[in-house]
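Below is data-v9.cif, which holds mmCIF, C-alpha atoms.
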```cif
data_input
#
loop_
_atom_site.group_PDB
_atom_site.id
_atom_site.type_symbol
_atom_site.label_atom_id
_atom_site.label_comp_id
_atom_site.auth_asym_id
_atom_site.auth_seq_id
_atom_site.Cartn_x
_atom_site.Cartn_y
_atom_site.Cartn_z
ATOM 1 C CA MET V 1 71.718 34.701 -219.557
ATOM 2 C CA ASN V 2 71.462 38.436 -219.180
ATOM 3 C CA ASN V 3 71.452 39.189 -222.921
ATOM 4 C CA GLY V 4 73.983 41.954 -222.405
ATOM 5 C CA GLN V 5 71.855 43.703 -219.771
ATOM 6 C CA LYS V 6 73.616 45.204 -216.796
ATOM 7 C CA SER V 7 72.606 43.658 -213.474
ATOM 8 C CA PRO V 8 70.662 45.939 -211.123
ATOM 9 C CA LYS V 9 72.562 47.437 -208.185
ATOM 10 C CA GLY V 10 72.788 44.960 -205.325
ATOM 11 C CA ALA V 11 71.922 41.970 -207.548
ATOM 12 C CA GLY V 12 72.803 38.721 -205.826
ATOM 13 C CA LYS V 13 72.984 40.207 -202.325
ATOM 14 C CA SER V 14 70.383 39.380 -199.699
ATOM 15 C CA SER V 15 69.754 40.204 -196.059
ATOM 16 C CA PHE V 16 67.740 37.003 -195.613
ATOM 17 C CA GLU V 17 70.451 35.122 -193.674
ATOM 18 C CA LEU V 18 70.714 38.031 -191.205
ATOM 19 C CA ILE V 19 67.027 38.065 -190.249
ATOM 20 C CA ASP V 20 65.309 36.432 -187.278
ATOM 21 C CA LEU V 21 62.573 34.626 -189.209
ATOM 22 C CA ASN V 22 60.399 34.033 -186.140
ATOM 23 C CA ILE V 23 60.222 37.772 -185.438
ATOM 24 C CA LEU V 24 59.592 38.472 -189.130
ATOM 25 C CA THR V 25 56.773 35.913 -189.263
ATOM 26 C CA ASP V 26 55.108 37.432 -186.198
ATOM 27 C CA ALA V 27 55.528 40.984 -187.505
ATOM 28 C CA LEU V 28 54.025 40.211 -190.914
ATOM 29 C CA SER V 29 51.210 38.101 -189.432
ATOM 30 C CA ALA V 30 49.933 37.163 -192.881
ATOM 31 C CA PRO V 31 47.045 34.719 -193.026
ATOM 32 C CA PRO V 32 47.102 31.727 -195.385
ATOM 33 C CA GLY V 33 45.591 32.600 -198.752
ATOM 34 C CA SER V 34 47.215 36.046 -198.855
ATOM 35 C CA VAL V 35 48.496 37.545 -202.116
ATOM 36 C CA MET V 36 51.939 39.104 -201.733
ATOM 37 C CA LEU V 37 54.599 40.832 -203.769
ATOM 38 C CA ASP V 38 58.318 40.395 -203.108
ATOM 39 C CA LEU V 39 59.560 43.500 -204.940
ATOM 40 C CA ALA V 40 63.152 43.374 -206.207
ATOM 41 C CA CYS V 41 63.285 39.775 -205.006
ATOM 42 C CA GLY V 42 66.776 38.876 -206.267
ATOM 43 C CA LYS V 43 67.241 35.099 -206.014
ATOM 44 C CA GLY V 44 63.954 34.844 -204.137
ATOM 45 C CA ALA V 45 64.969 33.838 -200.604
ATOM 46 C CA TYR V 46 62.161 35.970 -199.175
ATOM 47 C CA SER V 47 59.759 34.735 -201.878
ATOM 48 C CA LEU V 48 60.349 31.141 -200.779
ATOM 49 C CA PHE V 49 59.775 32.184 -197.163
ATOM 50 C CA LEU V 50 56.557 34.062 -198.027
ATOM 51 C CA SER V 51 55.388 31.051 -200.042
ATOM 52 C CA ARG V 52 55.215 29.007 -196.835
ATOM 53 C CA MET V 53 53.295 31.802 -195.082
ATOM 54 C CA VAL V 54 50.581 32.179 -197.735
ATOM 55 C CA GLY V 55 50.121 28.439 -198.194
ATOM 56 C CA ARG V 56 48.693 26.600 -201.162
ATOM 57 C CA ASP V 57 45.744 28.984 -201.550
ATOM 58 C CA GLY V 58 47.957 32.087 -201.554
ATOM 59 C CA LEU V 59 50.234 33.611 -204.173
ATOM 60 C CA VAL V 60 53.616 35.336 -204.123
ATOM 61 C CA TYR V 61 54.661 37.497 -207.052
ATOM 62 C CA ALA V 62 58.469 37.538 -207.200
ATOM 63 C CA VAL V 63 59.454 40.605 -209.226
ATOM 64 C CA ASP V 64 62.943 41.619 -210.260
ATOM 65 C CA LEU V 65 64.833 43.127 -213.176
ATOM 66 C CA TRP V 66 67.690 40.656 -212.654
ATOM 67 C CA GLN V 67 67.129 37.731 -215.026
ATOM 68 C CA GLU V 68 69.734 35.438 -213.425
ATOM 69 C CA GLY V 69 68.134 35.812 -210.000
ATOM 70 C CA LEU V 70 64.711 34.915 -211.375
ATOM 71 C CA GLU V 71 66.189 31.907 -213.195
ATOM 72 C CA PHE V 72 67.716 30.709 -209.926
ATOM 73 C CA LEU V 73 64.327 31.132 -208.216
ATOM 74 C CA ALA V 74 62.563 29.289 -211.056
ATOM 75 C CA ASP V 75 64.951 26.362 -210.547
ATOM 76 C CA GLN V 76 64.177 26.330 -206.810
ATOM 77 C CA ILE V 77 60.441 26.421 -207.533
ATOM 78 C CA GLU V 78 60.778 23.416 -209.824
ATOM 79 C CA ILE V 79 63.062 21.444 -207.486
ATOM 80 C CA ARG V 80 60.727 22.034 -204.526
ATOM 81 C CA ASN V 81 57.526 21.611 -206.571
ATOM 82 C CA ILE V 82 56.204 24.982 -205.408
ATOM 83 C CA LYS V 83 52.922 26.093 -206.972
ATOM 84 C CA ASN V 84 52.316 29.494 -205.350
ATOM 85 C CA ILE V 85 55.219 31.671 -206.568
ATOM 86 C CA LEU V 86 55.036 33.532 -209.872
ATOM 87 C CA PRO V 87 58.387 35.036 -210.966
ATOM 88 C CA LEU V 88 58.044 38.171 -213.101
ATOM 89 C CA LEU V 89 60.829 39.964 -214.945
ATOM 90 C CA ALA V 90 59.868 43.612 -214.483
ATOM 91 C CA ASP V 91 61.266 47.031 -213.673
ATOM 92 C CA ALA V 92 59.835 48.289 -210.357
ATOM 93 C CA THR V 93 60.121 51.871 -211.632
ATOM 94 C CA ARG V 94 57.597 51.094 -214.389
ATOM 95 C CA GLU V 95 54.181 49.455 -214.500
ATOM 96 C CA ILE V 96 54.228 45.870 -213.257
ATOM 97 C CA GLU V 97 51.854 43.343 -214.824
ATOM 98 C CA ILE V 98 49.851 42.731 -211.642
ATOM 99 C CA ASP V 99 46.192 43.699 -211.247
ATOM 100 C CA GLU V 100 45.631 46.965 -209.401
ATOM 101 C CA TYR V 101 44.377 46.706 -205.824
ATOM 102 C CA SER V 102 45.004 42.943 -205.717
ATOM 103 C CA LEU V 103 47.775 42.575 -203.128
ATOM 104 C CA ASP V 104 47.452 42.057 -199.405
ATOM 105 C CA LEU V 105 51.118 42.840 -198.765
ATOM 106 C CA CYS V 106 54.215 44.090 -200.569
ATOM 107 C CA LEU V 107 57.652 43.305 -199.145
ATOM 108 C CA MET V 108 60.570 45.549 -200.044
ATOM 109 C CA SER V 109 63.601 43.978 -198.411
ATOM 110 C CA THR V 110 66.758 46.099 -198.295
ATOM 111 C CA VAL V 111 65.997 47.746 -201.641
ATOM 112 C CA LEU V 112 64.302 51.043 -200.767
ATOM 113 C CA HIS V 113 67.700 52.641 -200.101
ATOM 114 C CA ASP V 114 68.819 51.665 -203.634
ATOM 115 C CA PHE V 115 65.678 53.151 -205.209
ATOM 116 C CA ASN V 116 66.143 56.269 -203.079
ATOM 117 C CA GLU V 117 69.785 56.659 -204.087
ATOM 118 C CA ALA V 118 68.750 56.356 -207.753
ATOM 119 C CA GLY V 119 66.032 58.998 -207.296
ATOM 120 C CA LYS V 120 63.303 56.410 -208.029
ATOM 121 C CA ALA V 121 61.825 55.727 -204.567
ATOM 122 C CA GLN V 122 58.766 57.929 -205.086
ATOM 123 C CA THR V 123 57.964 56.328 -208.452
ATOM 124 C CA VAL V 124 58.255 52.827 -206.990
ATOM 125 C CA LEU V 125 56.152 53.635 -203.910
ATOM 126 C CA LYS V 126 53.435 55.251 -206.029
ATOM 127 C CA GLY V 127 53.281 52.082 -208.136
ATOM 128 C CA VAL V 128 53.156 49.845 -205.064
ATOM 129 C CA LYS V 129 50.247 51.843 -203.650
ATOM 130 C CA THR V 130 48.129 51.140 -206.760
ATOM 131 C CA LEU V 131 48.783 47.390 -206.452
ATOM 132 C CA LEU V 132 47.730 47.079 -202.797
ATOM 133 C CA LYS V 133 44.153 46.461 -201.721
ATOM 134 C CA PRO V 134 42.486 49.049 -199.496
ATOM 135 C CA ALA V 135 44.056 48.489 -196.066
ATOM 136 C CA GLY V 136 46.868 46.577 -197.791
ATOM 137 C CA ARG V 137 50.250 46.549 -196.100
ATOM 138 C CA LEU V 138 53.771 47.505 -197.118
ATOM 139 C CA ALA V 139 56.665 45.897 -195.245
ATOM 140 C CA VAL V 140 60.022 47.650 -195.607
ATOM 141 C CA ILE V 141 63.169 45.939 -194.350
ATOM 142 C CA GLU V 142 66.270 48.113 -194.180
ATOM 143 C CA PHE V 143 69.701 48.058 -192.593
ATOM 144 C CA LYS V 144 70.040 50.023 -189.382
ATOM 145 C CA LYS V 145 71.763 53.343 -190.042
ATOM 146 C CA VAL V 146 75.158 52.363 -188.617
ATOM 147 C CA GLU V 147 78.488 51.546 -190.207
ATOM 148 C CA GLY V 148 78.685 48.105 -191.858
ATOM 149 C CA PRO V 149 79.463 45.558 -193.003
ATOM 150 C CA PRO V 150 77.160 43.870 -193.649
ATOM 151 C CA GLY V 151 75.066 46.054 -195.906
ATOM 152 C CA PRO V 152 75.520 49.207 -197.921
ATOM 153 C CA PRO V 153 77.588 52.225 -196.871
ATOM 154 C CA LYS V 154 76.071 54.197 -193.992
ATOM 155 C CA SER V 155 75.711 57.218 -196.291
ATOM 156 C CA ILE V 156 72.941 55.554 -198.334
ATOM 157 C CA ARG V 157 71.225 53.665 -195.527
ATOM 158 C CA LEU V 158 67.817 54.891 -194.432
ATOM 159 C CA SER V 159 66.883 55.502 -190.822
ATOM 160 C CA GLU V 160 63.446 54.503 -189.565
ATOM 161 C CA GLU V 161 62.420 58.163 -189.741
ATOM 162 C CA GLU V 162 63.663 58.530 -193.323
ATOM 163 C CA VAL V 163 61.729 55.419 -194.394
ATOM 164 C CA GLU V 164 58.567 56.719 -192.731
ATOM 165 C CA LEU V 165 58.948 60.103 -194.432
ATOM 166 C CA LEU V 166 59.448 58.537 -197.873
ATOM 167 C CA VAL V 167 56.569 56.083 -197.546
ATOM 168 C CA SER V 168 53.996 58.290 -195.787
ATOM 169 C CA ARG V 169 53.938 60.688 -198.759
ATOM 170 C CA HIS V 170 51.891 58.086 -200.632
ATOM 171 C CA GLY V 171 49.052 57.627 -198.191
ATOM 172 C CA PHE V 172 50.665 54.971 -196.006
ATOM 173 C CA LYS V 173 50.342 55.038 -192.226
ATOM 174 C CA LYS V 174 53.024 53.444 -190.063
ATOM 175 C CA ILE V 175 51.799 50.500 -188.003
ATOM 176 C CA LYS V 176 55.038 49.592 -186.226
ATOM 177 C CA THR V 177 58.802 49.200 -186.448
ATOM 178 C CA VAL V 178 60.455 46.023 -185.186
ATOM 179 C CA ASP V 179 64.079 44.942 -184.840
ATOM 180 C CA ILE V 180 64.373 41.722 -186.853
ATOM 181 C CA GLY V 181 68.037 41.005 -186.236
ATOM 182 C CA ASP V 182 71.320 42.610 -185.269
ATOM 183 C CA TYR V 183 71.573 44.583 -188.505
ATOM 184 C CA ASN V 184 68.028 45.108 -189.781
ATOM 185 C CA TYR V 185 64.652 46.535 -188.881
ATOM 186 C CA LEU V 186 61.205 46.160 -190.406
ATOM 187 C CA THR V 187 58.714 49.006 -190.671
ATOM 188 C CA LEU V 188 55.175 47.987 -191.483
ATOM 189 C CA PHE V 189 52.700 50.391 -193.108
ATOM 190 C CA ARG V 190 49.022 50.223 -194.043
ATOM 191 C CA THR V 191 47.378 52.053 -196.911
ATOM 192 C CA GLU V 192 44.951 54.770 -195.885
ATOM 193 C CA GLY V 193 41.662 55.478 -197.599
#
```
Would you put the structure from the file into structure tokens?
Amino acid sequence: MNNGQKSPKGAGKSSFELIDLNILTDALSAPPGSVMLDLACGKGAYSLFLSRMVGRDGLVYAVDLWQEGLEFLADQIEIRNIKNILPLLADATREIEIDEYSLDLCLMSTVLHDFNEAGKAQTVLKGVKTLLKPAGRLAVIEFKKVEGPPGPPKSIRLSEEEVELLVSRHGFKKIKTVDIGDYNYLTLFRTEG
């Protein structure tokens, strides 16, 4: 139940089925035992994927403002007897109940353009920076800046250069950009200092 709350923009949509998971796995290269955040996780398709990467000694925080998506994920966690995903109902534009400097990696999959369109990208990125460990990584998946479908209108899509400009303002250094499918790319950043 959403208790009368409006669903966040893009709720229920996911790019997960469009992604080459082998390329994504190689690009993220996350060791078992890692602590990750799937920010604006929706129904948690990426959270379930990250859960396998971090293994039983790792942890994935699945954060979203969309209650129904988190309930769906909670059902999947129970059905699959998963012990390393923690769903959290939280607004990414406000403080998230995760210890500062505790994350190895934050994944923002096809959501940065929504935060940017709402004028909230800088607030979200500043918050993410305080959650990542020194030398922690931020992985941003976005739709290539071409006409869709699939994905959002071209006018709100972010090019690789636009993503780098937004993210680098917060002390992140670009590691690499990789095509991860016909429609999407991943840019990986590391915190500096």
Care to translate the PyMOL selection byres ((chain V and resi 156-167) around 9) into actual residues of this file, as a ChimeraX atom specification? /V:112-114,116-117,121-122,125,140,142-146,151-155,168-174,177,185-187,189
Output C-alpha atoms for every residue in that selection, as an mmCIF file, in the coordinates of the input.
```cif
data_model
loop_
_atom_site.group_PDB
_atom_site.id
_atom_site.type_symbol
_atom_site.label_atom_id
_atom_site.label_comp_id
_atom_site.auth_asym_id
_atom_site.auth_seq_id
_atom_site.Cartn_x
_atom_site.Cartn_y
_atom_site.Cartn_z
ATOM 1 C CA LEU V 112 64.302 51.043 -200.767
ATOM 2 C CA HIS V 113 67.700 52.641 -200.101
ATOM 3 C CA ASP V 114 68.819 51.665 -203.634
ATOM 4 C CA ASN V 116 66.143 56.269 -203.079
ATOM 5 C CA GLU V 117 69.785 56.659 -204.087
ATOM 6 C CA ALA V 121 61.825 55.727 -204.567
ATOM 7 C CA GLN V 122 58.766 57.929 -205.086
ATOM 8 C CA LEU V 125 56.152 53.635 -203.910
ATOM 9 C CA VAL V 140 60.022 47.650 -195.607
ATOM 10 C CA GLU V 142 66.270 48.113 -194.180
ATOM 11 C CA PHE V 143 69.701 48.058 -192.593
ATOM 12 C CA LYS V 144 70.040 50.023 -189.382
ATOM 13 C CA LYS V 145 71.763 53.343 -190.042
ATOM 14 C CA VAL V 146 75.158 52.363 -188.617
ATOM 15 C CA GLY V 151 75.066 46.054 -195.906
ATOM 16 C CA PRO V 152 75.520 49.207 -197.921
ATOM 17 C CA PRO V 153 77.588 52.225 -196.871
ATOM 18 C CA LYS V 154 76.071 54.197 -193.992
ATOM 19 C CA SER V 155 75.711 57.218 -196.291
ATOM 20 C CA SER V 168 53.996 58.290 -195.787
ATOM 21 C CA ARG V 169 53.938 60.688 -198.759
ATOM 22 C CA HIS V 170 51.891 58.086 -200.632
ATOM 23 C CA GLY V 171 49.052 57.627 -198.191
ATOM 24 C CA PHE V 172 50.665 54.971 -196.006
ATOM 25 C CA LYS V 173 50.342 55.038 -192.226
ATOM 26 C CA LYS V 174 53.024 53.444 -190.063
ATOM 27 C CA THR V 177 58.802 49.200 -186.448
ATOM 28 C CA TYR V 185 64.652 46.535 -188.881
ATOM 29 C CA LEU V 186 61.205 46.160 -190.406
ATOM 30 C CA THR V 187 58.714 49.006 -190.671
ATOM 31 C CA PHE V 189 52.700 50.391 -193.108
#
```
Using only C-alpha atoms, can you tell me which of V:Ala92, V:Cys106, V:Val111, V:Ala118 comes closest to Leu28 (chain V)?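 The answer is V:Cys106, which sits nearest to Leu28 (chain V).
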Show me as a PyMOL selection string the residues that reach within 6 Å of (52.3, 43.0, -205.2), counting only C-alpha atoms and using the file's own coordinates. chain V and resi 36-37+103+106+131
Closest to Ile180 (chain V) among V:Thr130, V:Thr25, V:Ser34, V:Gln67, using only C-alpha atoms? V:Thr25
Identify, on the basis of all atoms listed in the file, every residue whose closest approach to Leu21 (chain V) does not exceed 9 Å; exclude the query and any residue fewer than 3 positions from it along the same chain; express the result as JSON, numbers by chain. {"V": [16, 24, 25, 26, 49, 180, 181]}
Nearby residues (only C-alpha atoms) at most 12 Å from region 61-64 of chain V, same-chain spacing under 4 positions excluded, as a short mmCIF file (atom, residue, chain, number, x, y, z; two decimals) with C-alpha atoms, keeping the file's coordinate frame:
```cif
data_model
loop_
_atom_site.label_atom_id
_atom_site.label_comp_id
_atom_site.auth_asym_id
_atom_site.auth_seq_id
_atom_site.Cartn_x
_atom_site.Cartn_y
_atom_site.Cartn_z
CA SER V 7 72.61 43.66 -213.47
CA PRO V 8 70.66 45.94 -211.12
CA LYS V 9 72.56 47.44 -208.18
CA GLY V 10 72.79 44.96 -205.32
CA ALA V 11 71.92 41.97 -207.55
CA GLY V 12 72.80 38.72 -205.83
CA SER V 34 47.22 36.05 -198.86
CA VAL V 35 48.50 37.54 -202.12
CA MET V 36 51.94 39.10 -201.73
CA LEU V 37 54.60 40.83 -203.77
CA ASP V 38 58.32 40.40 -203.11
CA LEU V 39 59.56 43.50 -204.94
CA ALA V 40 63.15 43.37 -206.21
CA CYS V 41 63.28 39.78 -205.01
CA GLY V 42 66.78 38.88 -206.27
CA LYS V 43 67.24 35.10 -206.01
CA GLY V 44 63.95 34.84 -204.14
CA ALA V 45 64.97 33.84 -200.60
CA TYR V 46 62.16 35.97 -199.18
CA SER V 47 59.76 34.74 -201.88
CA LEU V 48 60.35 31.14 -200.78
CA PHE V 49 59.78 32.18 -197.16
CA LEU V 50 56.56 34.06 -198.03
CA SER V 51 55.39 31.05 -200.04
CA VAL V 54 50.58 32.18 -197.74
CA GLU V 68 69.73 35.44 -213.42
CA GLY V 69 68.13 35.81 -210.00
CA LEU V 70 64.71 34.92 -211.38
CA GLU V 71 66.19 31.91 -213.20
CA PHE V 72 67.72 30.71 -209.93
CA LEU V 73 64.33 31.13 -208.22
CA ALA V 74 62.56 29.29 -211.06
CA ILE V 77 60.44 26.42 -207.53
CA LYS V 83 52.92 26.09 -206.97
CA ASN V 84 52.32 29.49 -205.35
CA ILE V 85 55.22 31.67 -206.57
CA LEU V 86 55.04 33.53 -209.87
CA PRO V 87 58.39 35.04 -210.97
CA LEU V 88 58.04 38.17 -213.10
CA LEU V 89 60.83 39.96 -214.94
CA ALA V 90 59.87 43.61 -214.48
CA ASP V 91 61.27 47.03 -213.67
CA ALA V 92 59.84 48.29 -210.36
CA THR V 93 60.12 51.87 -211.63
CA ARG V 94 57.60 51.09 -214.39
CA GLU V 95 54.18 49.46 -214.50
CA ILE V 96 54.23 45.87 -213.26
CA GLU V 97 51.85 43.34 -214.82
CA ILE V 98 49.85 42.73 -211.64
CA ASP V 99 46.19 43.70 -211.25
CA SER V 102 45.00 42.94 -205.72
CA LEU V 103 47.78 42.58 -203.13
CA ASP V 104 47.45 42.06 -199.40
CA LEU V 105 51.12 42.84 -198.76
CA CYS V 106 54.22 44.09 -200.57
CA LEU V 107 57.65 43.30 -199.14
CA MET V 108 60.57 45.55 -200.04
CA VAL V 111 66.00 47.75 -201.64
CA VAL V 128 53.16 49.84 -205.06
CA LEU V 131 48.78 47.39 -206.45
#
```
So how many Å separate CA of Thr110 (chain V) and CA of Ser14 (chain V), to one decimal?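 It comes out at 7.8 Å.
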Two-atom distance - CA of Lys176 (chain V), CA of Ala27 (chain V) (Å):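 Between CA of Lys176 (chain V) and CA of Ala27 (chain V) the gap is 8.7 Å.
Atom pair CA of Ala139 (chain V) / CA of Asn184 (chain V): separated by 12.6 Å.
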Using the chain letters and numbering of this document, enumerate as a short mmCIF file (atom, residue, chain, number, x, y, z; two decimals) with C-alpha atoms, in the frame of the given file the residues selected by the PyMOL selection byres ((chain V and resi 134) around 8).
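The resulting part30.cif:
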```cif
data_model
loop_
_atom_site.label_atom_id
_atom_site.label_comp_id
_atom_site.auth_asym_id
_atom_site.auth_seq_id
_atom_site.Cartn_x
_atom_site.Cartn_y
_atom_site.Cartn_z
CA TYR V 101 44.38 46.71 -205.82
CA LEU V 132 47.73 47.08 -202.80
CA LYS V 133 44.15 46.46 -201.72
CA ALA V 135 44.06 48.49 -196.07
CA GLY V 136 46.87 46.58 -197.79
CA THR V 191 47.38 52.05 -196.91
CA GLU V 192 44.95 54.77 -195.88
CA GLY V 193 41.66 55.48 -197.60
#
```
Check the smallest atom-to-atom distance from each of V:Val178, V:Asn81, V:Pro149, V:Ser109 to Ser15 (chain V) using all atoms listed in the file, then report the winner.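 Ranking V:Val178, V:Asn81, V:Pro149, V:Ser109 by distance to Ser15 (chain V), first place goes to V:Ser109.
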I'd like to know which of V:Glu147, V:Glu17, V:Asp57, V:Asp179 is closest to Ile82 (chain V), using only C-alpha atoms.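 Checking each candidate against Ile82 (chain V), we get V:Asp57 as the closest.
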I need the residue nearest Arg80 (chain V) from this list: V:Arg52, V:Leu65, V:Lys129, V:Glu100. Use all atoms listed in the file for the distance.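 Using all atoms listed in the file, the shortest distance to Arg80 (chain V) belongs to V:Arg52.
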